[in-house]
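upload-v3.tsv follows; it contains TSV, C-alpha atoms.
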chain	number	residue	atom	x	y	z
A	22	MET	CA	81.61	61.42	160.84
A	23	LYS	CA	80.57	62.06	157.24
A	24	ILE	CA	76.82	61.97	156.64
A	25	THR	CA	75.78	59.64	153.82
A	26	ILE	CA	72.68	59.14	151.73
A	27	LYS	CA	71.89	56.08	153.88
A	28	ASP	CA	71.69	58.31	156.98
A	29	VAL	CA	69.25	60.64	155.24
A	30	ALA	CA	67.09	57.74	154.08
A	31	ARG	CA	66.97	56.22	157.57
A	32	GLU	CA	66.03	59.50	159.30
A	33	ALA	CA	63.40	60.33	156.67
A	34	GLY	CA	61.95	56.82	156.74
A	35	VAL	CA	62.31	56.32	152.99
A	36	SER	CA	64.48	54.24	150.68
A	37	ILE	CA	67.89	55.30	149.38
A	38	SER	CA	66.45	55.40	145.84
A	39	THR	CA	63.77	57.86	147.01
A	40	VAL	CA	66.41	60.20	148.45
A	41	SER	CA	68.32	59.95	145.16
A	42	LYS	CA	65.19	60.86	143.21
A	43	VAL	CA	64.57	63.84	145.49
A	44	ILE	CA	68.14	65.03	144.88
A	45	ASN	CA	67.59	64.74	141.13
A	46	ASP	CA	64.14	66.40	141.36
A	47	ALA	CA	62.32	63.39	139.88
A	48	PRO	CA	58.67	64.21	139.04
A	49	THR	CA	57.47	60.83	140.41
A	50	ILE	CA	58.12	61.88	144.02
A	51	SER	CA	55.35	63.76	145.85
A	52	ASP	CA	55.91	67.31	147.07
A	53	ALA	CA	55.37	66.23	150.67
A	54	THR	CA	58.10	63.60	150.44
A	55	LYS	CA	60.46	66.05	148.75
A	56	ILE	CA	59.93	68.60	151.52
A	57	ARG	CA	60.44	65.97	154.25
A	58	VAL	CA	63.67	64.60	152.70
A	59	LYS	CA	65.10	68.07	152.08
A	60	GLU	CA	64.39	69.04	155.70
A	61	ILE	CA	66.34	65.98	156.91
A	62	MET	CA	69.19	66.78	154.51
A	63	GLU	CA	69.37	70.27	155.96
A	64	GLU	CA	69.21	69.06	159.57
A	65	LEU	CA	72.01	66.56	158.95
A	66	HIS	CA	74.03	69.05	156.84
A	67	TYR	CA	74.13	66.51	154.05
A	68	GLN	CA	75.82	67.62	150.82
A	69	PRO	CA	74.90	65.47	147.77
A	70	ASN	CA	77.71	64.27	145.56
A	71	SER	CA	77.33	66.51	142.51
A	72	GLN	CA	79.29	64.16	140.26
A	73	ALA	CA	77.03	61.25	141.18
A	74	SER	CA	73.96	63.42	140.67
A	75	ASN	CA	75.18	64.55	137.27
A	76	PHE	CA	75.97	60.97	136.30
A	77	ALA	CA	72.43	59.96	137.16
A	78	LYS	CA	71.10	62.79	135.02
A	79	GLN	CA	73.63	62.05	132.25
A	80	LYS	CA	75.02	65.55	132.76
A	81	THR	CA	78.60	66.79	133.02
A	82	ASN	CA	77.89	70.42	133.98
A	83	ASN	CA	80.72	71.22	131.59
A	84	ILE	CA	80.58	73.55	128.57
A	85	ILE	CA	83.35	73.70	125.98
A	86	PHE	CA	84.44	77.06	124.55
A	87	LEU	CA	86.12	76.07	121.28
A	88	THR	CA	88.31	78.49	119.36
A	89	LYS	CA	91.30	78.62	117.08
A	90	LEU	CA	94.52	79.55	118.86
A	91	GLU	CA	97.66	80.95	117.29
A	92	PRO	CA	100.64	83.08	118.42
A	93	ARG	CA	99.78	86.63	119.54
A	94	ILE	CA	96.05	85.86	119.46
A	95	ALA	CA	95.49	88.16	122.44
A	96	PHE	CA	96.62	91.10	120.29
A	97	SER	CA	95.10	90.06	116.96
A	98	ASN	CA	91.72	88.99	118.38
A	99	PRO	CA	91.08	90.56	121.80
A	100	HIS	CA	87.33	90.29	121.18
A	101	MET	CA	87.47	86.57	121.82
A	102	PHE	CA	88.49	86.97	125.46
A	103	GLU	CA	85.76	89.53	126.14
A	104	ILE	CA	83.20	87.15	124.64
A	105	MET	CA	84.57	84.28	126.71
A	106	CYS	CA	84.29	86.32	129.93
A	107	GLY	CA	80.64	87.07	129.14
A	108	VAL	CA	79.89	83.38	128.54
A	109	GLN	CA	81.64	82.39	131.78
A	110	THR	CA	79.65	84.93	133.79
A	111	ILE	CA	76.39	83.20	132.83
A	112	LEU	CA	77.68	79.64	133.08
A	113	GLY	CA	79.32	80.22	136.46
A	114	ALA	CA	76.09	81.61	137.89
A	115	LYS	CA	74.41	78.32	136.95
A	116	SER	CA	77.20	76.14	138.40
A	117	TYR	CA	78.56	75.15	135.01
A	118	ASN	CA	82.27	74.73	134.36
A	119	MET	CA	83.63	76.21	131.13
A	120	SER	CA	86.53	74.39	129.46
A	121	PHE	CA	88.58	76.67	127.21
A	122	THR	CA	89.76	74.51	124.31
A	123	GLY	CA	92.07	75.74	121.58
A	124	ALA	CA	92.64	74.23	118.15
A	125	ARG	CA	95.47	74.95	115.73
A	126	SER	CA	93.19	74.57	112.72
A	127	LYS	CA	89.54	74.17	111.78
A	128	GLU	CA	90.23	70.50	111.07
A	129	GLU	CA	91.50	70.03	114.62
A	130	ALA	CA	88.48	71.92	115.98
A	131	LEU	CA	86.22	69.44	114.17
A	132	SER	CA	88.13	66.53	115.71
A	133	ILE	CA	87.86	68.04	119.20
A	134	ALA	CA	84.09	68.49	118.83
A	135	LYS	CA	83.65	64.90	117.59
A	136	ASP	CA	85.58	63.55	120.58
A	137	ALA	CA	83.60	65.68	123.04
A	138	ILE	CA	80.28	64.42	121.67
A	139	GLU	CA	81.32	60.77	121.44
A	140	ARG	CA	82.82	60.71	124.95
A	141	LYS	CA	80.02	62.86	126.42
A	142	ARG	CA	82.60	65.27	127.81
A	143	ALA	CA	80.25	68.27	127.80
A	144	ASP	CA	76.59	69.29	127.87
A	145	GLY	CA	77.07	71.89	125.16
A	146	ILE	CA	79.60	73.86	123.14
A	147	VAL	CA	80.26	77.50	122.23
A	148	VAL	CA	82.20	77.76	118.96
A	149	HIS	CA	84.09	80.96	118.17
A	150	GLY	CA	83.94	82.06	114.55
A	151	SER	CA	87.65	81.36	114.07
A	152	ALA	CA	87.00	77.62	114.61
A	153	THR	CA	83.79	77.38	112.58
A	154	SER	CA	83.61	75.23	109.46
A	155	LYS	CA	80.80	73.74	107.38
A	156	GLU	CA	81.81	70.25	108.55
A	157	LEU	CA	81.65	71.28	112.21
A	158	ALA	CA	78.24	72.89	111.74
A	159	GLU	CA	76.94	69.73	110.07
A	160	LEU	CA	78.26	67.61	112.96
A	161	LEU	CA	76.50	69.72	115.60
A	162	VAL	CA	73.22	69.73	113.70
A	163	ASN	CA	73.26	66.02	112.83
A	164	GLU	CA	74.13	65.02	116.41
A	165	ALA	CA	71.55	67.47	117.82
A	166	PHE	CA	74.26	68.61	120.23
A	167	PRO	CA	73.49	71.88	122.12
A	168	HIS	CA	75.60	74.63	120.62
A	169	ILE	CA	75.95	78.32	119.79
A	170	LEU	CA	78.29	79.68	117.12
A	171	ILE	CA	79.76	83.13	117.72
A	172	GLY	CA	79.41	84.80	114.34
A	173	LYS	CA	77.09	84.10	111.43
A	174	PRO	CA	78.64	81.38	109.26
A	175	ARG	CA	79.46	82.22	105.65
A	176	PHE	CA	77.47	79.23	104.41
A	177	ARG	CA	73.82	78.22	104.57
A	178	SER	CA	73.11	75.99	107.55
A	179	PRO	CA	70.45	75.34	110.21
A	180	VAL	CA	73.21	75.65	112.83
A	181	CYS	CA	72.51	78.02	115.77
A	182	TRP	CA	74.42	81.30	115.77
A	183	ILE	CA	74.43	84.85	117.09
A	184	ASP	CA	76.29	87.86	115.74
A	185	ILE	CA	76.54	91.63	115.81
A	186	ASN	CA	75.09	93.57	112.89
A	187	ASN	CA	78.18	95.25	111.46
A	188	CYS	CA	76.13	96.95	108.75
A	189	ILE	CA	74.46	99.03	111.47
A	190	SER	CA	77.90	99.90	112.88
A	191	GLY	CA	79.01	101.25	109.51
A	192	GLU	CA	75.76	103.19	109.15
A	193	MET	CA	76.20	104.79	112.59
A	194	ALA	CA	79.74	105.97	111.79
A	195	ALA	CA	78.73	107.51	108.45
A	196	THR	CA	75.54	109.07	109.84
A	197	HIS	CA	77.46	110.70	112.71
A	198	LEU	CA	79.89	112.38	110.30
A	199	ALA	CA	77.13	113.38	107.88
A	200	GLU	CA	75.16	114.97	110.73
A	201	TYR	CA	78.30	116.94	111.61
A	202	GLY	CA	78.27	118.40	108.10
A	203	TYR	CA	80.91	116.30	106.33
A	204	THR	CA	80.34	115.28	102.71
A	205	ARG	CA	83.72	113.86	101.62
A	206	ILE	CA	84.17	110.82	103.85
A	207	ALA	CA	86.71	108.03	103.29
A	208	PHE	CA	86.68	104.44	104.57
A	209	VAL	CA	89.93	102.72	105.54
A	210	GLY	CA	89.36	99.02	106.17
A	211	GLY	CA	90.86	95.55	106.24
A	212	ARG	CA	90.87	92.84	103.60
A	213	LYS	CA	88.19	92.97	100.90
A	214	GLU	CA	87.24	89.35	101.54
A	215	ASP	CA	86.76	89.86	105.28
A	216	GLU	CA	83.06	89.65	106.12
A	217	ILE	CA	83.18	92.23	108.94
A	218	SER	CA	84.94	94.68	106.63
A	219	THR	CA	82.40	94.01	103.87
A	220	ASP	CA	79.44	94.55	106.21
A	221	ARG	CA	80.78	97.76	107.73
A	222	LEU	CA	81.57	99.12	104.27
A	223	LEU	CA	78.06	98.20	103.13
A	224	GLY	CA	76.57	100.09	106.07
A	225	PHE	CA	78.81	103.08	105.33
A	226	THR	CA	77.89	103.31	101.64
A	227	SER	CA	74.19	102.76	102.43
A	228	ALA	CA	74.15	105.62	104.95
A	229	MET	CA	75.99	107.89	102.51
A	230	ARG	CA	73.33	107.25	99.84
A	231	GLU	CA	70.54	107.90	102.33
A	232	ASN	CA	72.15	111.26	103.12
A	233	GLY	CA	72.45	112.10	99.41
A	234	LEU	CA	76.25	111.80	99.44
A	235	SER	CA	78.49	110.07	96.93
A	236	VAL	CA	81.65	108.09	97.68
A	237	PRO	CA	84.47	108.35	95.12
A	238	GLU	CA	86.07	104.98	94.41
A	239	HIS	CA	89.48	106.11	95.65
A	240	PHE	CA	87.92	107.06	99.02
A	241	ILE	CA	87.50	103.36	99.81
A	242	LYS	CA	90.77	101.74	100.90
A	243	HIS	CA	91.45	98.11	101.77
A	244	GLY	CA	94.54	96.72	103.44
A	245	THR	CA	95.36	94.79	106.59
A	246	TYR	CA	94.36	95.25	110.22
A	247	THR	CA	97.62	96.99	111.16
A	248	LYS	CA	98.78	100.50	111.95
A	249	GLU	CA	101.25	100.24	109.06
A	250	SER	CA	98.39	99.64	106.63
A	251	GLY	CA	96.37	102.48	108.16
A	252	TYR	CA	99.37	104.80	107.78
A	253	GLN	CA	100.05	103.86	104.14
A	254	LEU	CA	96.43	104.07	103.02
A	255	THR	CA	95.99	107.45	104.68
A	256	MET	CA	99.09	108.77	102.89
A	257	GLU	CA	97.47	107.70	99.62
A	258	LEU	CA	94.30	109.61	100.55
A	259	LEU	CA	96.27	112.72	101.45
A	260	ASP	CA	98.27	112.59	98.21
A	261	ALA	CA	95.10	112.62	96.10
A	262	PRO	CA	94.00	115.94	94.53
A	263	ASP	CA	90.61	115.81	96.28
A	264	LYS	CA	91.26	114.88	99.90
A	265	PRO	CA	88.57	113.63	102.29
A	266	GLU	CA	87.32	115.75	105.19
A	267	ALA	CA	86.78	112.76	107.47
A	268	ILE	CA	88.00	109.16	107.73
A	269	ILE	CA	86.25	106.06	109.08
A	270	CYS	CA	88.76	103.48	110.37
A	271	GLU	CA	87.70	99.87	110.64
A	272	ASN	CA	89.56	99.15	113.90
A	273	ASP	CA	91.76	100.90	116.43
A	274	LYS	CA	95.05	99.57	115.01
A	275	ILE	CA	94.20	101.03	111.62
A	276	ALA	CA	93.11	104.22	113.40
A	277	TYR	CA	96.51	104.45	115.12
A	278	GLY	CA	98.23	104.43	111.72
A	279	VAL	CA	95.74	106.94	110.32
A	280	MET	CA	96.43	109.34	113.19
A	281	GLN	CA	100.17	108.86	112.74
A	282	ALA	CA	99.94	109.83	109.06
A	283	LEU	CA	97.75	112.86	109.79
A	284	ASP	CA	100.16	114.03	112.48
A	285	GLU	CA	103.10	113.64	110.10
A	286	ARG	CA	101.31	115.73	107.46
A	287	LYS	CA	100.38	118.36	110.10
A	288	PHE	CA	96.61	117.83	109.85
A	289	ARG	CA	94.80	118.93	113.00
A	290	VAL	CA	92.29	116.41	114.36
A	291	PRO	CA	89.44	117.25	114.44
A	292	GLY	CA	90.06	120.78	113.14
A	293	GLN	CA	91.13	119.76	109.62
A	294	MET	CA	90.15	116.10	109.62
A	295	SER	CA	87.61	114.17	111.69
A	296	VAL	CA	88.33	110.52	112.46
A	297	ILE	CA	86.08	107.77	113.82
A	298	SER	CA	86.83	104.10	114.54
A	299	PHE	CA	85.13	100.94	115.84
A	300	ASP	CA	85.50	99.12	119.17
A	301	ASP	CA	86.19	100.91	122.46
A	302	PHE	CA	89.36	98.97	123.29
A	303	PRO	CA	92.26	100.36	125.31
A	304	LEU	CA	94.07	101.65	122.21
A	305	SER	CA	91.23	104.05	121.43
A	306	HIS	CA	91.78	105.65	124.85
A	307	MET	CA	95.56	105.89	124.32
A	308	ILE	CA	95.32	107.76	121.01
A	309	GLU	CA	95.54	111.55	121.30
A	310	PRO	CA	93.09	113.13	121.07
A	311	PRO	CA	90.76	110.41	122.48
A	312	MET	CA	89.02	108.56	119.65
A	313	THR	CA	85.32	108.77	118.78
A	314	VAL	CA	84.16	105.18	118.26
A	315	VAL	CA	81.21	102.98	117.42
A	316	ASP	CA	81.49	100.59	120.33
A	317	ILE	CA	80.75	96.88	119.96
A	318	ASP	CA	79.97	95.38	123.38
A	319	VAL	CA	81.26	91.85	122.79
A	320	TYR	CA	81.13	91.07	126.52
A	321	ASP	CA	77.35	91.43	126.28
A	322	MET	CA	77.45	89.22	123.22
A	323	GLY	CA	79.11	86.55	125.39
A	324	ILE	CA	76.37	87.02	127.99
A	325	GLN	CA	73.73	86.42	125.31
A	326	ALA	CA	75.59	83.37	123.99
A	327	GLY	CA	75.72	81.82	127.48
A	328	ARG	CA	72.02	82.38	128.10
A	329	LEU	CA	70.98	81.03	124.73
A	330	LEU	CA	73.13	77.92	125.10
A	331	LEU	CA	71.53	77.10	128.46
A	332	GLN	CA	68.11	77.53	126.83
A	333	LYS	CA	69.23	75.23	124.02
A	334	ILE	CA	70.28	72.59	126.58
A	335	ARG	CA	66.82	72.76	128.20
A	336	HIS	CA	64.95	72.98	124.89
A	337	PRO	CA	66.89	71.05	122.21
A	338	LEU	CA	64.49	72.06	119.41
A	339	LEU	CA	65.15	75.78	119.99
A	340	GLN	CA	66.41	77.44	116.81
A	341	VAL	CA	68.66	80.48	117.24
A	342	GLN	CA	69.86	82.55	114.29
A	343	TYR	CA	69.88	86.28	114.93
A	344	TYR	CA	71.83	89.42	115.66
A	345	THR	CA	72.26	90.52	119.28
A	346	THR	CA	73.78	93.52	121.08
A	347	LEU	CA	73.34	96.80	119.24
A	348	PRO	CA	76.44	98.99	118.81
A	349	LYS	CA	76.52	102.45	120.35
A	350	LEU	CA	78.22	105.69	119.40
A	351	VAL	CA	80.77	107.09	121.87
A	352	VAL	CA	81.63	110.68	120.89
A	353	ARG	CA	85.02	111.92	122.04
A	354	GLU	CA	87.52	114.40	120.61
A	355	THR	CA	88.42	113.18	117.10
A	356	THR	CA	85.14	114.38	115.58
A	357	CYS	CA	83.53	117.81	115.65
A	358	ARG	CA	80.98	119.74	113.63
A	359	LYS	CA	82.37	120.98	110.34
A	360	LYS	CA	83.18	124.66	110.42
A	361	THR	CA	81.37	126.74	107.81
A	362	PHE	CA	82.58	130.15	106.76
Give the structure from the file, written as structure tokens.
Amino acid sequence: MKITIKDVAREAGVSISTVSKVINDAPTISDATKIRVKEIMEELHYQPNSQASNFAKQKTNNIIFLTKLEPRIAFSNPHMFEIMCGVQTILGAKSYNMSFTGARSKEEALSIAKDAIERKRADGIVVHGSATSKELAELLVNEAFPHILIGKPRFRSPVCWIDINNCISGEMAATHLAEYGYTRIAFVGGRKEDEISTDRLLGFTSAMRENGLSVPEHFIKHGTYTKESGYQLTMELLDAPDKPEAIICENDKIAYGVMQALDERKFRVPGQMSVISFDDFPLSHMIEPPMTVVDIDVYDMGIQAGRLLLQKIRHPLLQVQYYTTLPKLVVRETTCRKKTF
């Protein structure tokens, strides 16, 4: 026969409401009573109804992970899934459920967040940068709803966010090549208006100045995050009278195109050209020779996001706006010290 809360109350000699308060860890119940009731619960093998407990606490034990979804997102934005796994690791350890929720647009993401808050469908929300908007940030702040944005927003706001410092990533790539003796270093990136591209380029140019090196204007190339763009931009670099000695690629798809162009023009890597990229994703291991990268541990970023959101739930006034997870250099076979004769 199933043991009920009435059975526990009878055996412990207390009221049903007292047992309920013990289950919900109410501060008005003495420690002695809590110990006694918990002993009876254990003896009777009583399992509290978690849904009822959460209802009493006005909790759902549910966290929404909100992002923008579109075709082929797993290929165009694999970072998102690594971040999500990190968040889930923390939430699962604390008995939270994570609801993965996709929106087709930022407007739909705003609508989803409004509905979740109004219907009390979740205790908090993690918003991926692809779903972030000024209107959504204002909603979360005005409603004082526990949240963490993945990625610093491109507008001023008191909203809580964490991000990776991409300027440092660009500095690390440039410094590595400069320490290996290279002076003519090119940067092949994505769109000019992309914030990650802008930050990595800023870090690159800053490190070059610190090392007393100049960067010719035609050594900075912008395109798209595709191997085709990497290939075309590298061909332009190789057709110039003064060619670079090393190339920094903004992601592994661009790097794949860069390597393809170098192979076609019979440049030995790293003998005649050193190449470095960002993110230690599977493609960087598939390129031959194996790619030197500045690795961004986005799984750890997800871990940090999960922890901070739980802190935000416990302490609603907590303000979080900072960079987490430092990048690290992983040296493989596409860079080597410059040969001097």
Choose the residue, out of A:Thr204, A:Asn272, A:Ser190, A:Ser178, that has the smallest atom-to-atom separation from Gln342 in chain A; count all atoms listed in the file.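 Looking at the shortest contact to Gln342 in chain A, the residue is A:Ser178.
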Compare A:His168, A:His306, A:Arg177, A:Arg289 by their minimum atom-to-atom distance to Gln340 in chain A, counting all atoms listed in the file, and give me the closest one. A:His168
(79.8, 73.0, 100.8) in this file's frame - what residues fall within 12 Å of it? Use all atoms listed in the file and give the answer as a ChimeraX atom specification. /A:154-159,174-178
Spatial neighbours of Ala165 in chain A, 12 Å, all atoms listed in the file, chain gap at least 3 places, as a list in words: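 The neighbour list is Ile138, Asp144, Gly145, Ile146, Ala158, Glu159, Leu160, Leu161, Val162, His168, Ile169, Pro179, Val180, Cys181, Lys333, Ile334, His336, Pro337, Leu338, Leu339 and Gln340 of chain A.
The coordinates place CA of Phe166 in chain A at 27.5 Å from CA of Val43 in chain A.
Here CA of Ala228 in chain A and CA of Gly191 in chain A stand 8.0 Å from one another.
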Sort by chain and increasing residue number a table of all residues of range 91-188 of chain A within 9 Å of range 206-222 of chain A, each with its closest pair of atoms and their distance in Å to one decimal, counting only C-alpha atoms, and write it as a tab-separated table.
residue	atom	partner	partner_atom	distance
A:Arg175	CA	A:Glu216	CA	8.3
A:Asn186	CA	A:Asp220	CA	8.0
A:Asn187	CA	A:Arg221	CA	5.2
A:Cys188	CA	A:Asp220	CA	4.8
Distance criterion (only C-alpha atoms): nearest to Gly327 in chain A out of A:Pro310, A:Gly107, A:Gly172, A:Gly278: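 Looking at the shortest contact to Gly327 in chain A, the residue is A:Gly107.
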Grab all the atoms of range 143-157 of chain A that the file lists, wrap them in a box along x, y and z, add 6 Å per side, and give me centre plus edge lengths in Å (one decimal) as lines of an AutoDock Vina configuration file.
center_x = 82.1
center_y = 75.2
center_z = 117.6
size_x = 23.1
size_y = 25.8
size_z = 32.5
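We find CA of Ser235 in chain A and CA of Met312 in chain A to be spaced 25.1 Å apart.
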Find the nearest atom pair between each residue of range 163-250 of chain A and range 344-352 of chain A for residues within 8 Å, count all atoms listed in the file, give distances in Å to one decimal, sort rows by chain and ascending number, and present the table as JSON lines.
{"residue": "A:Ile183", "atom": "CA", "partner": "A:Tyr344", "partner_atom": "CA", "distance": 5.4}
{"residue": "A:Asp184", "atom": "CA", "partner": "A:Tyr344", "partner_atom": "CA", "distance": 4.7}
{"residue": "A:Ile185", "atom": "CA", "partner": "A:Tyr344", "partner_atom": "CA", "distance": 5.2}
{"residue": "A:Asn186", "atom": "CA", "partner": "A:Tyr344", "partner_atom": "CA", "distance": 6.0}
{"residue": "A:Ile189", "atom": "CA", "partner": "A:Pro348", "partner_atom": "CA", "distance": 7.6}
{"residue": "A:Ser190", "atom": "CA", "partner": "A:Pro348", "partner_atom": "CA", "distance": 6.2}
{"residue": "A:Met193", "atom": "CA", "partner": "A:Leu350", "partner_atom": "CA", "distance": 7.2}
{"residue": "A:Ala194", "atom": "CA", "partner": "A:Leu350", "partner_atom": "CA", "distance": 7.8}
What would the file look like if the residues just selected were written as an mmCIF file, keeping the file's coordinate frame with C-alpha atoms?
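Saved to again17.cif:
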data_model
loop_
_atom_site.group_PDB
_atom_site.id
_atom_site.type_symbol
_atom_site.label_atom_id
_atom_site.label_comp_id
_atom_site.auth_asym_id
_atom_site.auth_seq_id
_atom_site.Cartn_x
_atom_site.Cartn_y
_atom_site.Cartn_z
ATOM 1 C CA ILE A 183 74.430 84.850 117.090
ATOM 2 C CA ASP A 184 76.290 87.860 115.740
ATOM 3 C CA ILE A 185 76.540 91.630 115.810
ATOM 4 C CA ASN A 186 75.090 93.570 112.890
ATOM 5 C CA ILE A 189 74.460 99.030 111.470
ATOM 6 C CA SER A 190 77.900 99.900 112.880
ATOM 7 C CA MET A 193 76.200 104.790 112.590
ATOM 8 C CA ALA A 194 79.740 105.970 111.790
#
Which residues are close to Ser305 in chain A, i.e. within 10 Å by only C-alpha atoms, leaving aside same-chain residues fewer than 5 positions away? Reply as an mmCIF file with C-alpha atoms, keeping the file's coordinate frame.
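What follows is the written file result_39.cif:
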data_model
loop_
_atom_site.group_PDB
_atom_site.id
_atom_site.type_symbol
_atom_site.label_atom_id
_atom_site.label_comp_id
_atom_site.auth_asym_id
_atom_site.auth_seq_id
_atom_site.Cartn_x
_atom_site.Cartn_y
_atom_site.Cartn_z
ATOM 1 C CA ASN A 272 89.560 99.150 113.900
ATOM 2 C CA ASP A 273 91.760 100.900 116.430
ATOM 3 C CA LYS A 274 95.050 99.570 115.010
ATOM 4 C CA ALA A 276 93.110 104.220 113.400
ATOM 5 C CA TYR A 277 96.510 104.450 115.120
ATOM 6 C CA ILE A 297 86.080 107.770 113.820
ATOM 7 C CA SER A 298 86.830 104.100 114.540
ATOM 8 C CA PHE A 299 85.130 100.940 115.840
ATOM 9 C CA ASP A 300 85.500 99.120 119.170
ATOM 10 C CA PRO A 310 93.090 113.130 121.070
ATOM 11 C CA PRO A 311 90.760 110.410 122.480
ATOM 12 C CA MET A 312 89.020 108.560 119.650
ATOM 13 C CA THR A 313 85.320 108.770 118.780
ATOM 14 C CA VAL A 314 84.160 105.180 118.260
#
